[in-house]
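Text of model.cif, listed as mmCIF, C-alpha atoms and all ligand atoms; chains and numbers go by the auth columns:
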data_target
loop_
_atom_site.group_PDB
_atom_site.id
_atom_site.type_symbol
_atom_site.label_atom_id
_atom_site.label_comp_id
_atom_site.label_asym_id
_atom_site.label_seq_id
_atom_site.Cartn_x
_atom_site.Cartn_y
_atom_site.Cartn_z
_atom_site.B_iso_or_equiv
_atom_site.auth_seq_id
_atom_site.auth_asym_id
ATOM 1 C CA ARG A 1 0.000 0.000 0.000 0.00 1 A
ATOM 2 C CA GLU A 2 3.011 2.357 0.167 0.00 2 A
ATOM 3 C CA ILE A 3 3.228 3.428 -3.503 0.00 3 A
ATOM 4 C CA ALA A 4 6.266 5.647 -2.868 0.00 4 A
ATOM 5 C CA PRO A 5 7.817 7.100 0.301 0.00 5 A
ATOM 6 C CA GLY A 6 5.036 9.018 2.067 0.00 6 A
ATOM 7 C CA ALA A 7 2.359 7.983 -0.484 0.00 7 A
ATOM 8 C CA VAL A 8 0.019 5.459 1.113 0.00 8 A
ATOM 9 C CA HIS A 9 -3.078 3.961 -0.558 0.00 9 A
ATOM 10 C CA VAL A 10 -5.700 2.396 1.722 0.00 10 A
ATOM 11 C CA PRO A 11 -8.387 0.731 -0.455 0.00 11 A
ATOM 12 C CA GLY A 12 -11.879 0.588 1.031 0.00 12 A
ATOM 13 C CA TRP A 13 -11.069 2.828 4.003 0.00 13 A
ATOM 14 C CA LEU A 14 -14.597 4.300 4.096 0.00 14 A
ATOM 15 C CA ASP A 15 -17.430 1.835 4.659 0.00 15 A
ATOM 16 C CA PRO A 16 -20.596 2.176 2.522 0.00 16 A
ATOM 17 C CA ALA A 17 -22.477 4.179 5.172 0.00 17 A
ATOM 18 C CA ALA A 18 -19.596 6.644 5.541 0.00 18 A
ATOM 19 C CA GLN A 19 -19.436 6.972 1.745 0.00 19 A
ATOM 20 C CA ARG A 20 -23.165 7.755 1.586 0.00 20 A
ATOM 21 C CA ARG A 21 -22.840 10.402 4.308 0.00 21 A
ATOM 22 C CA LEU A 22 -19.948 12.063 2.474 0.00 22 A
ATOM 23 C CA VAL A 23 -21.844 12.070 -0.838 0.00 23 A
ATOM 24 C CA ALA A 24 -24.780 13.771 0.897 0.00 24 A
ATOM 25 C CA ALA A 25 -22.422 16.348 2.433 0.00 25 A
ATOM 26 C CA CYS A 26 -20.814 17.029 -0.969 0.00 26 A
ATOM 27 C CA ARG A 27 -24.259 17.581 -2.507 0.00 27 A
ATOM 28 C CA ALA A 28 -25.027 20.210 0.156 0.00 28 A
ATOM 29 C CA TRP A 29 -21.632 21.943 -0.274 0.00 29 A
ATOM 30 C CA ALA A 30 -22.114 21.980 -4.068 0.00 30 A
ATOM 31 C CA ARG A 31 -25.227 24.157 -3.663 0.00 31 A
ATOM 32 C CA GLY A 32 -23.382 26.995 -1.963 0.00 32 A
ATOM 33 C CA PRO A 33 -22.712 29.569 -0.597 0.00 33 A
ATOM 34 C CA VAL A 34 -20.271 29.346 -3.517 0.00 34 A
ATOM 35 C CA PRO A 35 -21.878 26.906 -5.970 0.00 35 A
ATOM 36 C CA ILE A 36 -19.735 24.192 -7.534 0.00 36 A
ATOM 37 C CA ARG A 37 -18.282 25.329 -10.847 0.00 37 A
ATOM 38 C CA HIS A 38 -15.712 24.684 -13.540 0.00 38 A
ATOM 39 C CA THR A 39 -12.648 26.684 -12.471 0.00 39 A
ATOM 40 C CA ARG A 40 -11.448 29.158 -15.109 0.00 40 A
ATOM 41 C CA LEU A 41 -7.687 29.330 -15.295 0.00 41 A
ATOM 42 C CA PRO A 42 -5.876 32.654 -15.676 0.00 42 A
ATOM 43 C CA ARG A 43 -4.565 31.748 -19.130 0.00 43 A
ATOM 44 C CA GLY A 44 -8.050 31.094 -20.502 0.00 44 A
ATOM 45 C CA GLY A 45 -8.525 27.384 -19.928 0.00 45 A
ATOM 46 C CA VAL A 46 -11.553 25.943 -18.177 0.00 46 A
ATOM 47 C CA MET A 47 -11.164 22.824 -16.052 0.00 47 A
ATOM 48 C CA SER A 48 -13.359 19.859 -17.030 0.00 48 A
ATOM 49 C CA VAL A 49 -13.563 18.975 -13.342 0.00 49 A
ATOM 50 C CA GLN A 50 -16.045 20.957 -11.196 0.00 50 A
ATOM 51 C CA THR A 51 -14.833 22.157 -7.790 0.00 51 A
ATOM 52 C CA VAL A 52 -16.283 23.538 -4.578 0.00 52 A
ATOM 53 C CA CYS A 53 -14.016 24.618 -1.708 0.00 53 A
ATOM 54 C CA LEU A 54 -14.394 24.718 2.071 0.00 54 A
ATOM 55 C CA GLY A 55 -12.381 26.813 4.517 0.00 55 A
ATOM 56 C CA TRP A 56 -10.321 28.542 1.855 0.00 56 A
ATOM 57 C CA HIS A 57 -11.215 29.015 -1.802 0.00 57 A
ATOM 58 C CA TRP A 58 -8.694 27.881 -4.408 0.00 58 A
ATOM 59 C CA SER A 59 -8.635 30.872 -6.752 0.00 59 A
ATOM 60 C CA PRO A 60 -6.083 29.549 -9.162 0.00 60 A
ATOM 61 C CA TYR A 61 -3.288 29.611 -8.051 0.00 61 A
ATOM 62 C CA ARG A 62 -3.765 30.957 -4.513 0.00 62 A
ATOM 63 C CA TYR A 63 -6.111 30.582 -1.549 0.00 63 A
ATOM 64 C CA THR A 64 -8.602 33.319 -0.659 0.00 64 A
ATOM 65 C CA ARG A 65 -11.484 33.500 1.820 0.00 65 A
ATOM 66 C CA SER A 66 -13.925 34.626 -0.868 0.00 66 A
ATOM 67 C CA ALA A 67 -14.498 33.208 -4.322 0.00 67 A
ATOM 68 C CA VAL A 68 -12.811 36.116 -6.106 0.00 68 A
ATOM 69 C CA ASP A 69 -13.045 34.218 -9.418 0.00 69 A
ATOM 70 C CA ALA A 70 -16.664 33.068 -8.929 0.00 70 A
ATOM 71 C CA GLY A 71 -19.067 35.688 -7.656 0.00 71 A
ATOM 72 C CA GLY A 72 -17.123 36.867 -4.612 0.00 72 A
ATOM 73 C CA GLY A 73 -19.079 34.967 -1.968 0.00 73 A
ATOM 74 C CA ARG A 74 -17.401 33.752 1.198 0.00 74 A
ATOM 75 C CA VAL A 75 -16.690 30.026 1.193 0.00 75 A
ATOM 76 C CA ALA A 76 -18.313 27.730 3.754 0.00 76 A
ATOM 77 C CA GLU A 77 -16.346 26.763 6.857 0.00 77 A
ATOM 78 C CA LEU A 78 -14.412 23.513 6.907 0.00 78 A
ATOM 79 C CA PRO A 79 -16.462 21.379 9.330 0.00 79 A
ATOM 80 C CA GLU A 80 -14.574 20.140 12.374 0.00 80 A
ATOM 81 C CA TRP A 81 -15.798 16.570 11.712 0.00 81 A
ATOM 82 C CA LEU A 82 -14.083 16.613 8.331 0.00 82 A
ATOM 83 C CA ALA A 83 -10.777 17.853 9.799 0.00 83 A
ATOM 84 C CA GLU A 84 -11.103 15.079 12.384 0.00 84 A
ATOM 85 C CA LEU A 85 -11.667 12.515 9.614 0.00 85 A
ATOM 86 C CA GLY A 86 -8.429 13.830 8.074 0.00 86 A
ATOM 87 C CA ARG A 87 -6.543 13.291 11.348 0.00 87 A
ATOM 88 C CA ARG A 88 -7.819 9.703 11.523 0.00 88 A
ATOM 89 C CA ALA A 89 -6.824 9.208 7.896 0.00 89 A
ATOM 90 C CA VAL A 90 -3.231 10.343 8.466 0.00 90 A
ATOM 91 C CA ALA A 91 -2.923 8.370 11.707 0.00 91 A
ATOM 92 C CA GLU A 92 -4.194 5.151 10.115 0.00 92 A
ATOM 93 C CA ALA A 93 -2.434 5.439 6.747 0.00 93 A
ATOM 94 C CA TYR A 94 0.927 6.086 8.396 0.00 94 A
ATOM 95 C CA GLY A 95 0.292 3.944 11.469 0.00 95 A
ATOM 96 C CA ASP A 96 1.444 7.023 13.399 0.00 96 A
ATOM 97 C CA PRO A 97 -1.012 8.495 15.940 0.00 97 A
ATOM 98 C CA ALA A 98 1.261 11.505 16.522 0.00 98 A
ATOM 99 C CA ALA A 99 1.297 12.389 12.817 0.00 99 A
ATOM 100 C CA GLY A 100 -2.502 12.210 12.848 0.00 100 A
ATOM 101 C CA ALA A 101 -2.817 14.401 15.936 0.00 101 A
ATOM 102 C CA ALA A 102 -0.514 17.044 14.427 0.00 102 A
ATOM 103 C CA TYR A 103 -2.524 17.308 11.213 0.00 103 A
ATOM 104 C CA ALA A 104 -4.525 20.545 11.039 0.00 104 A
ATOM 105 C CA PRO A 105 -6.207 20.815 7.617 0.00 105 A
ATOM 106 C CA ASP A 106 -7.867 24.193 7.028 0.00 106 A
ATOM 107 C CA THR A 107 -9.203 23.651 3.513 0.00 107 A
ATOM 108 C CA ALA A 108 -10.971 20.973 1.492 0.00 108 A
ATOM 109 C CA LEU A 109 -11.315 20.897 -2.284 0.00 109 A
ATOM 110 C CA VAL A 110 -14.214 18.799 -3.518 0.00 110 A
ATOM 111 C CA ASN A 111 -13.823 17.775 -7.164 0.00 111 A
ATOM 112 C CA PHE A 112 -16.643 16.303 -9.265 0.00 112 A
ATOM 113 C CA TYR A 113 -15.837 14.303 -12.402 0.00 113 A
ATOM 114 C CA ASP A 114 -18.524 13.533 -14.953 0.00 114 A
ATOM 115 C CA GLY A 115 -17.711 10.777 -17.432 0.00 115 A
ATOM 116 C CA ALA A 116 -15.613 13.101 -19.596 0.00 116 A
ATOM 117 C CA ALA A 117 -13.713 15.033 -16.911 0.00 117 A
ATOM 118 C CA ARG A 118 -9.961 14.650 -16.472 0.00 118 A
ATOM 119 C CA MET A 119 -7.169 16.337 -14.585 0.00 119 A
ATOM 120 C CA GLY A 120 -3.815 16.868 -16.272 0.00 120 A
ATOM 121 C CA MET A 121 -0.399 16.259 -14.762 0.00 121 A
ATOM 122 C CA HIS A 122 0.357 18.890 -12.085 0.00 122 A
ATOM 123 C CA GLN A 123 1.964 19.510 -8.700 0.00 123 A
ATOM 124 C CA ASP A 124 0.092 20.990 -5.734 0.00 124 A
ATOM 125 C CA LYS A 125 2.381 23.843 -4.695 0.00 125 A
ATOM 126 C CA ASP A 126 -0.046 26.564 -3.669 0.00 126 A
ATOM 127 C CA GLU A 127 0.042 25.541 -0.003 0.00 127 A
ATOM 128 C CA ARG A 128 2.705 27.063 2.254 0.00 128 A
ATOM 129 C CA SER A 129 2.716 23.961 4.415 0.00 129 A
ATOM 130 C CA ALA A 130 4.435 20.672 3.653 0.00 130 A
ATOM 131 C CA ALA A 131 1.759 18.764 5.629 0.00 131 A
ATOM 132 C CA PRO A 132 0.231 15.777 3.828 0.00 132 A
ATOM 133 C CA VAL A 133 -2.700 15.943 1.421 0.00 133 A
ATOM 134 C CA VAL A 134 -5.509 13.496 2.267 0.00 134 A
ATOM 135 C CA SER A 135 -7.617 12.255 -0.673 0.00 135 A
ATOM 136 C CA LEU A 136 -10.971 10.435 -0.365 0.00 136 A
ATOM 137 C CA SER A 137 -12.622 8.957 -3.476 0.00 137 A
ATOM 138 C CA LEU A 138 -16.365 8.371 -3.958 0.00 138 A
ATOM 139 C CA GLY A 139 -18.410 6.948 -6.828 0.00 139 A
ATOM 140 C CA ASP A 140 -16.875 5.860 -10.129 0.00 140 A
ATOM 141 C CA THR A 141 -13.387 4.385 -10.112 0.00 141 A
ATOM 142 C CA CYS A 142 -10.691 6.485 -11.800 0.00 142 A
ATOM 143 C CA VAL A 143 -7.245 5.885 -13.187 0.00 143 A
ATOM 144 C CA PHE A 144 -4.852 7.871 -11.026 0.00 144 A
ATOM 145 C CA ARG A 145 -1.360 8.629 -12.338 0.00 145 A
ATOM 146 C CA PHE A 146 1.303 9.092 -9.691 0.00 146 A
ATOM 147 C CA GLY A 147 4.506 10.571 -11.089 0.00 147 A
ATOM 148 C CA ASN A 148 7.766 11.917 -9.773 0.00 148 A
ATOM 149 C CA THR A 149 8.925 15.216 -8.303 0.00 149 A
ATOM 150 C CA GLU A 150 11.192 16.235 -11.174 0.00 150 A
ATOM 151 C CA THR A 151 9.182 16.070 -14.400 0.00 151 A
ATOM 152 C CA ARG A 152 5.578 15.811 -15.577 0.00 152 A
ATOM 153 C CA THR A 153 6.540 12.791 -17.673 0.00 153 A
ATOM 154 C CA ARG A 154 7.657 9.209 -16.990 0.00 154 A
ATOM 155 C CA PRO A 155 8.419 7.499 -14.726 0.00 155 A
ATOM 156 C CA TYR A 156 4.899 7.282 -13.346 0.00 156 A
ATOM 157 C CA THR A 157 2.640 4.584 -11.934 0.00 157 A
ATOM 158 C CA ASP A 158 -1.014 4.197 -12.934 0.00 158 A
ATOM 159 C CA LEU A 159 -3.389 2.773 -10.375 0.00 159 A
ATOM 160 C CA GLU A 160 -7.132 2.728 -9.855 0.00 160 A
ATOM 161 C CA LEU A 161 -8.864 4.675 -7.091 0.00 161 A
ATOM 162 C CA ALA A 162 -12.273 3.263 -6.192 0.00 162 A
ATOM 163 C CA SER A 163 -15.096 4.492 -3.993 0.00 163 A
ATOM 164 C CA GLY A 164 -14.076 4.509 -0.341 0.00 164 A
ATOM 165 C CA ASP A 165 -10.334 4.583 -1.041 0.00 165 A
ATOM 166 C CA LEU A 166 -8.034 6.775 1.034 0.00 166 A
ATOM 167 C CA PHE A 167 -4.745 8.123 -0.256 0.00 167 A
ATOM 168 C CA VAL A 168 -2.318 10.155 1.845 0.00 168 A
ATOM 169 C CA PHE A 169 0.480 12.089 0.127 0.00 169 A
ATOM 170 C CA GLY A 170 3.131 13.387 2.475 0.00 170 A
ATOM 171 C CA GLY A 171 6.862 13.507 2.992 0.00 171 A
ATOM 172 C CA PRO A 172 8.825 13.119 -0.252 0.00 172 A
ATOM 173 C CA SER A 173 5.587 12.474 -2.201 0.00 173 A
ATOM 174 C CA ARG A 174 3.949 15.742 -1.239 0.00 174 A
ATOM 175 C CA TYR A 175 5.215 17.573 -4.345 0.00 175 A
ATOM 176 C CA ALA A 176 5.003 14.689 -6.825 0.00 176 A
ATOM 177 C CA TYR A 177 3.308 15.273 -10.161 0.00 177 A
ATOM 178 C CA HIS A 178 -0.060 13.513 -10.449 0.00 178 A
ATOM 179 C CA ALA A 179 -3.093 13.334 -12.741 0.00 179 A
ATOM 180 C CA VAL A 180 -6.469 11.705 -13.319 0.00 180 A
ATOM 181 C CA PRO A 181 -6.313 10.589 -16.982 0.00 181 A
ATOM 182 C CA LYS A 182 -9.828 9.148 -16.933 0.00 182 A
ATOM 183 C CA THR A 183 -12.700 7.841 -14.874 0.00 183 A
ATOM 184 C CA LEU A 184 -14.458 4.532 -15.531 0.00 184 A
ATOM 185 C CA PRO A 185 -18.133 5.508 -15.909 0.00 185 A
ATOM 186 C CA GLY A 186 -20.653 3.054 -14.503 0.00 186 A
ATOM 187 C CA THR A 187 -18.269 1.483 -11.979 0.00 187 A
ATOM 188 C CA ALA A 188 -19.888 3.043 -8.895 0.00 188 A
ATOM 189 C CA ASP A 189 -22.155 0.918 -6.718 0.00 189 A
ATOM 190 C CA PRO A 190 -25.692 1.967 -7.746 0.00 190 A
ATOM 191 C CA ALA A 191 -26.635 1.959 -4.037 0.00 191 A
ATOM 192 C CA LEU A 192 -24.382 5.000 -3.526 0.00 192 A
ATOM 193 C CA GLY A 193 -26.687 7.027 -5.779 0.00 193 A
ATOM 194 C CA LEU A 194 -23.847 8.938 -7.437 0.00 194 A
ATOM 195 C CA THR A 195 -23.299 9.134 -11.190 0.00 195 A
ATOM 196 C CA GLY A 196 -19.692 10.210 -11.678 0.00 196 A
ATOM 197 C CA ARG A 197 -16.804 10.576 -9.266 0.00 197 A
ATOM 198 C CA LEU A 198 -16.188 12.836 -6.270 0.00 198 A
ATOM 199 C CA ASN A 199 -12.783 13.406 -4.709 0.00 199 A
ATOM 200 C CA ILE A 200 -12.289 15.286 -1.451 0.00 200 A
ATOM 201 C CA THR A 201 -8.769 16.523 -0.686 0.00 201 A
ATOM 202 C CA LEU A 202 -7.859 17.947 2.705 0.00 202 A
ATOM 203 C CA ARG A 203 -4.885 20.294 2.970 0.00 203 A
ATOM 204 C CA GLU A 204 -3.090 22.717 5.248 0.00 204 A
ATOM 205 C CA THR A 205 -2.751 26.058 3.458 0.00 205 A
ATOM 206 C CA GLY A 206 -0.200 27.390 5.924 0.00 206 A
ATOM 207 C CA LEU A 207 -2.125 30.681 5.952 0.00 207 A
ATOM 208 C CA PRO A 208 -3.080 32.495 9.179 0.00 208 A
ATOM 209 C CA ALA A 209 -6.523 31.542 10.506 0.00 209 A
HETATM 210 C C1 LIG B . -0.252 13.730 -4.883 0.00 301 B
HETATM 211 N N1 LIG B . -7.119 15.889 -7.309 0.00 301 B
HETATM 212 O O1 LIG B . -7.314 18.429 -6.412 0.00 301 B
HETATM 213 S S1 LIG B . -6.500 13.348 -5.588 0.00 301 B
HETATM 214 C C2 LIG B . -6.200 18.057 -6.820 0.00 301 B
HETATM 215 O O2 LIG B . -8.762 12.904 -7.794 0.00 301 B
HETATM 216 C C3 LIG B . -6.055 16.688 -7.358 0.00 301 B
HETATM 217 O O3 LIG B . -9.447 14.935 -7.882 0.00 301 B
HETATM 218 C C4 LIG B . -7.143 14.586 -7.897 0.00 301 B
HETATM 219 O O4 LIG B . -5.019 16.355 -7.829 0.00 301 B
HETATM 220 C C5 LIG B . -8.551 14.099 -7.830 0.00 301 B
HETATM 221 O O5 LIG B . -5.192 18.754 -6.781 0.00 301 B
HETATM 222 C C6 LIG B . -6.190 13.640 -7.289 0.00 301 B
HETATM 223 C C7 LIG B . -4.964 12.728 -5.184 0.00 301 B
HETATM 224 C C8 LIG B . -3.895 13.739 -4.904 0.00 301 B
HETATM 225 C C9 LIG B . -4.157 14.978 -4.366 0.00 301 B
HETATM 226 C C10 LIG B . -3.114 15.806 -4.006 0.00 301 B
HETATM 227 C C11 LIG B . -1.803 15.408 -4.183 0.00 301 B
HETATM 228 C C12 LIG B . -2.617 13.355 -5.102 0.00 301 B
HETATM 229 C C13 LIG B . -1.546 14.162 -4.729 0.00 301 B
HETATM 230 C C14 LIG B . -0.703 16.209 -3.788 0.00 301 B
HETATM 231 C C15 LIG B . 0.573 15.756 -3.935 0.00 301 B
HETATM 232 C C16 LIG B . 0.807 14.523 -4.490 0.00 301 B
HETATM 233 FE FE FE B . -3.465 17.749 -7.257 0.00 302 B
#
Kindly return the structure encoded in the file as structure tokens.
Amino acid sequence: REIAPGAVHVPGWLDPAAQRRLVAACRAWARGPVPIRHTRLPRGGVMSVQTVCLGWHWSPYRYTRSAVDAGGGRVAELPEWLAELGRRAVAEAYGDPAAGAAYAPDTALVNFYDGAARMGMHQDKDERSAAPVVSLSLGDTCVFRFGNTETRTRPYTDLELASGDLFVFGGPSRYAYHAVPKTLPGTADPALGLTGRLNITLRETGLPA
């Protein structure tokens, strides 16, 4: 389950009831106060993924309290229960209760993938903290590409992330290139009631509260 130093994949970490509760929470967050939307990039591109943020708003490529690129509303708070889920995730993935206790995420990015959405190879460098990123997957399985820290090209490893999977990216893997080349439409359990894929990432921005 350790894909690379600091990169730990825990398949099936969320049980079906926990997955259903998270899907319901994502649906509520998607409605507002800042509705879920396709992020427009400064150079004119539009992401195929749709994103809603909690705690801090990712206004490419920085974090703001209001959605300066999407109507200006103030983003919803990051719920304490979700930060606590992140602490459990880090503790269990690393088998290190102290690492879990020290984790203080202050933002969550919720990404929705329809059957055509993808995310290109990138690094997450907008946070001023080297704390791990916690990723939770819901709904359709995706192909996740985990690369290296030096280049956006090979060597990389492709693996599948399915509903309920946890992935923690810390230590030397924190600044690795990564991508979602495709999802596998129709792979979600119909009982989850989600068409498409949701991914929740928890992060520490390193910004003052
Ligand atoms: C590896 N999201 O929001 S989650 C992103 O599935 C993002 O929506 C993808 O990449 C998604 O930035 C992948 C897995 C992930 C998230 C953050 C990482 C992998 C990471 C940060 C560093 C290294
Ligand atoms: Fe990323």
Residue contacts of Arg128 (chain A) (10 Å, all atoms listed in the file) excluding same-chain residues fewer than 6 positions away, as a list of chain:residue names: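 In the requested form, the answer reads A:Glu204, A:Thr205, A:Gly206, A:Leu207.
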Close residues to ligand LIG 301 (chain B) using all atoms listed in the file, limit 8 Å, as a PyMOL selection string: chain A and resi 7+49+109-113+119+122-124+132-137+142+144+146+167-170+173-180+198-201
Around all the atoms of region 56-75 of chain A listed in the file, draw an axis-aligned box and extend it by 3 Å on each of the six sides; I want its centre and edge lengths in Å to one decimal, as AutoDock Vina command-line options.
--center_x -11.2 --center_y 32.4 --center_z -3.8 --size_x 21.8 --size_y 15.0 --size_z 17.3
Test item: residues at most 9 Å from Val75 (chain A), all atoms listed in the file, excluding those fewer than 4 positions along its chain, as a VMD selection string: chain A and resid 32 to 34 52 to 57 64 to 67
Just want the 12 Å neighbourhood of Thr195 (chain A), counted on only C-alpha atoms, with same-chain residues fewer than 5 positions away dropped. Output as an mmCIF file with C-alpha atoms, in the coordinates of the input.
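Wrote part-v3.cif, looks like this:
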data_model
loop_
_atom_site.group_PDB
_atom_site.id
_atom_site.type_symbol
_atom_site.label_atom_id
_atom_site.label_comp_id
_atom_site.auth_asym_id
_atom_site.auth_seq_id
_atom_site.Cartn_x
_atom_site.Cartn_y
_atom_site.Cartn_z
ATOM 1 C CA VAL A 23 -21.844 12.070 -0.838
ATOM 2 C CA PHE A 112 -16.643 16.303 -9.265
ATOM 3 C CA TYR A 113 -15.837 14.303 -12.402
ATOM 4 C CA ASP A 114 -18.524 13.533 -14.953
ATOM 5 C CA GLY A 115 -17.711 10.777 -17.432
ATOM 6 C CA LEU A 138 -16.365 8.371 -3.958
ATOM 7 C CA GLY A 139 -18.410 6.948 -6.828
ATOM 8 C CA ASP A 140 -16.875 5.860 -10.129
ATOM 9 C CA THR A 141 -13.387 4.385 -10.112
ATOM 10 C CA SER A 163 -15.096 4.492 -3.993
ATOM 11 C CA THR A 183 -12.700 7.841 -14.874
ATOM 12 C CA LEU A 184 -14.458 4.532 -15.531
ATOM 13 C CA PRO A 185 -18.133 5.508 -15.909
ATOM 14 C CA GLY A 186 -20.653 3.054 -14.503
ATOM 15 C CA THR A 187 -18.269 1.483 -11.979
ATOM 16 C CA ALA A 188 -19.888 3.043 -8.895
ATOM 17 C CA ASP A 189 -22.155 0.918 -6.718
ATOM 18 C CA PRO A 190 -25.692 1.967 -7.746
#
Straight-line distance linking CA of Arg1 (chain A) with CA of Asp165 (chain A), stated in Å to one decimal: 11.4 Å
Residue with smallest distance to Thr39 (chain A) - pool A:Leu159, A:Tyr61, A:Ala24, A:Ala131, counting all atoms listed in the file: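 Distance minimum relative to Thr39 (chain A) lands on A:Tyr61.
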Residue nearest ligand FE 302 (chain B) among A:Glu92, A:Glu127, A:Glu160, A:Glu150 (counting all atoms listed in the file):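 Nearest to ligand FE 302 (chain B): A:Glu127.
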Two-atom distance - CA of Arg145 (chain A), CA of Asp126 (chain A) (Å): 20.0 Å
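Each of A:Ala70, A:Arg203, A:Gly147, A:Pro60 was compared to Pro42 (chain A) using all atoms listed in the file, and A:Pro60 turns out to be the nearest.
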Can you rebuild region 118-132 of chain A with N, CA and C atoms and give it as a short mmCIF file (atom, residue, chain, number, x, y, z; two decimals), in the frame of the given file?
data_model
loop_
_atom_site.label_atom_id
_atom_site.label_comp_id
_atom_site.auth_asym_id
_atom_site.auth_seq_id
_atom_site.Cartn_x
_atom_site.Cartn_y
_atom_site.Cartn_z
N ARG A 118 -11.33 15.12 -16.70
CA ARG A 118 -9.96 14.65 -16.47
C ARG A 118 -9.20 15.73 -15.73
N MET A 119 -8.07 15.33 -15.16
CA MET A 119 -7.17 16.34 -14.58
C MET A 119 -5.77 16.04 -15.09
N GLY A 120 -5.14 17.04 -15.69
CA GLY A 120 -3.82 16.87 -16.27
C GLY A 120 -2.73 16.79 -15.21
N MET A 121 -1.55 16.43 -15.66
CA MET A 121 -0.40 16.26 -14.76
C MET A 121 -0.04 17.60 -14.12
N HIS A 122 0.03 17.64 -12.79
CA HIS A 122 0.36 18.89 -12.08
C HIS A 122 0.95 18.56 -10.72
N GLN A 123 1.54 19.58 -10.11
CA GLN A 123 1.96 19.51 -8.70
C GLN A 123 1.05 20.42 -7.90
N ASP A 124 0.85 20.11 -6.62
CA ASP A 124 0.09 20.99 -5.73
C ASP A 124 1.10 21.77 -4.92
N LYS A 125 1.33 23.03 -5.31
CA LYS A 125 2.38 23.84 -4.70
C LYS A 125 1.84 25.15 -4.16
N ASP A 126 0.52 25.29 -4.10
CA ASP A 126 -0.05 26.56 -3.67
C ASP A 126 -0.18 26.64 -2.16
N GLU A 127 0.10 25.55 -1.46
CA GLU A 127 0.04 25.54 0.00
C GLU A 127 1.43 25.91 0.54
N ARG A 128 1.43 26.67 1.62
CA ARG A 128 2.70 27.06 2.25
C ARG A 128 3.07 26.12 3.38
N SER A 129 2.46 24.97 3.41
CA SER A 129 2.72 23.96 4.42
C SER A 129 3.09 22.68 3.69
N ALA A 130 4.03 21.96 4.24
CA ALA A 130 4.43 20.67 3.65
C ALA A 130 3.65 19.52 4.26
N ALA A 131 2.59 19.82 5.02
CA ALA A 131 1.76 18.76 5.63
C ALA A 131 1.15 17.90 4.52
N PRO A 132 0.78 16.67 4.85
CA PRO A 132 0.23 15.78 3.83
C PRO A 132 -1.08 16.29 3.23
#
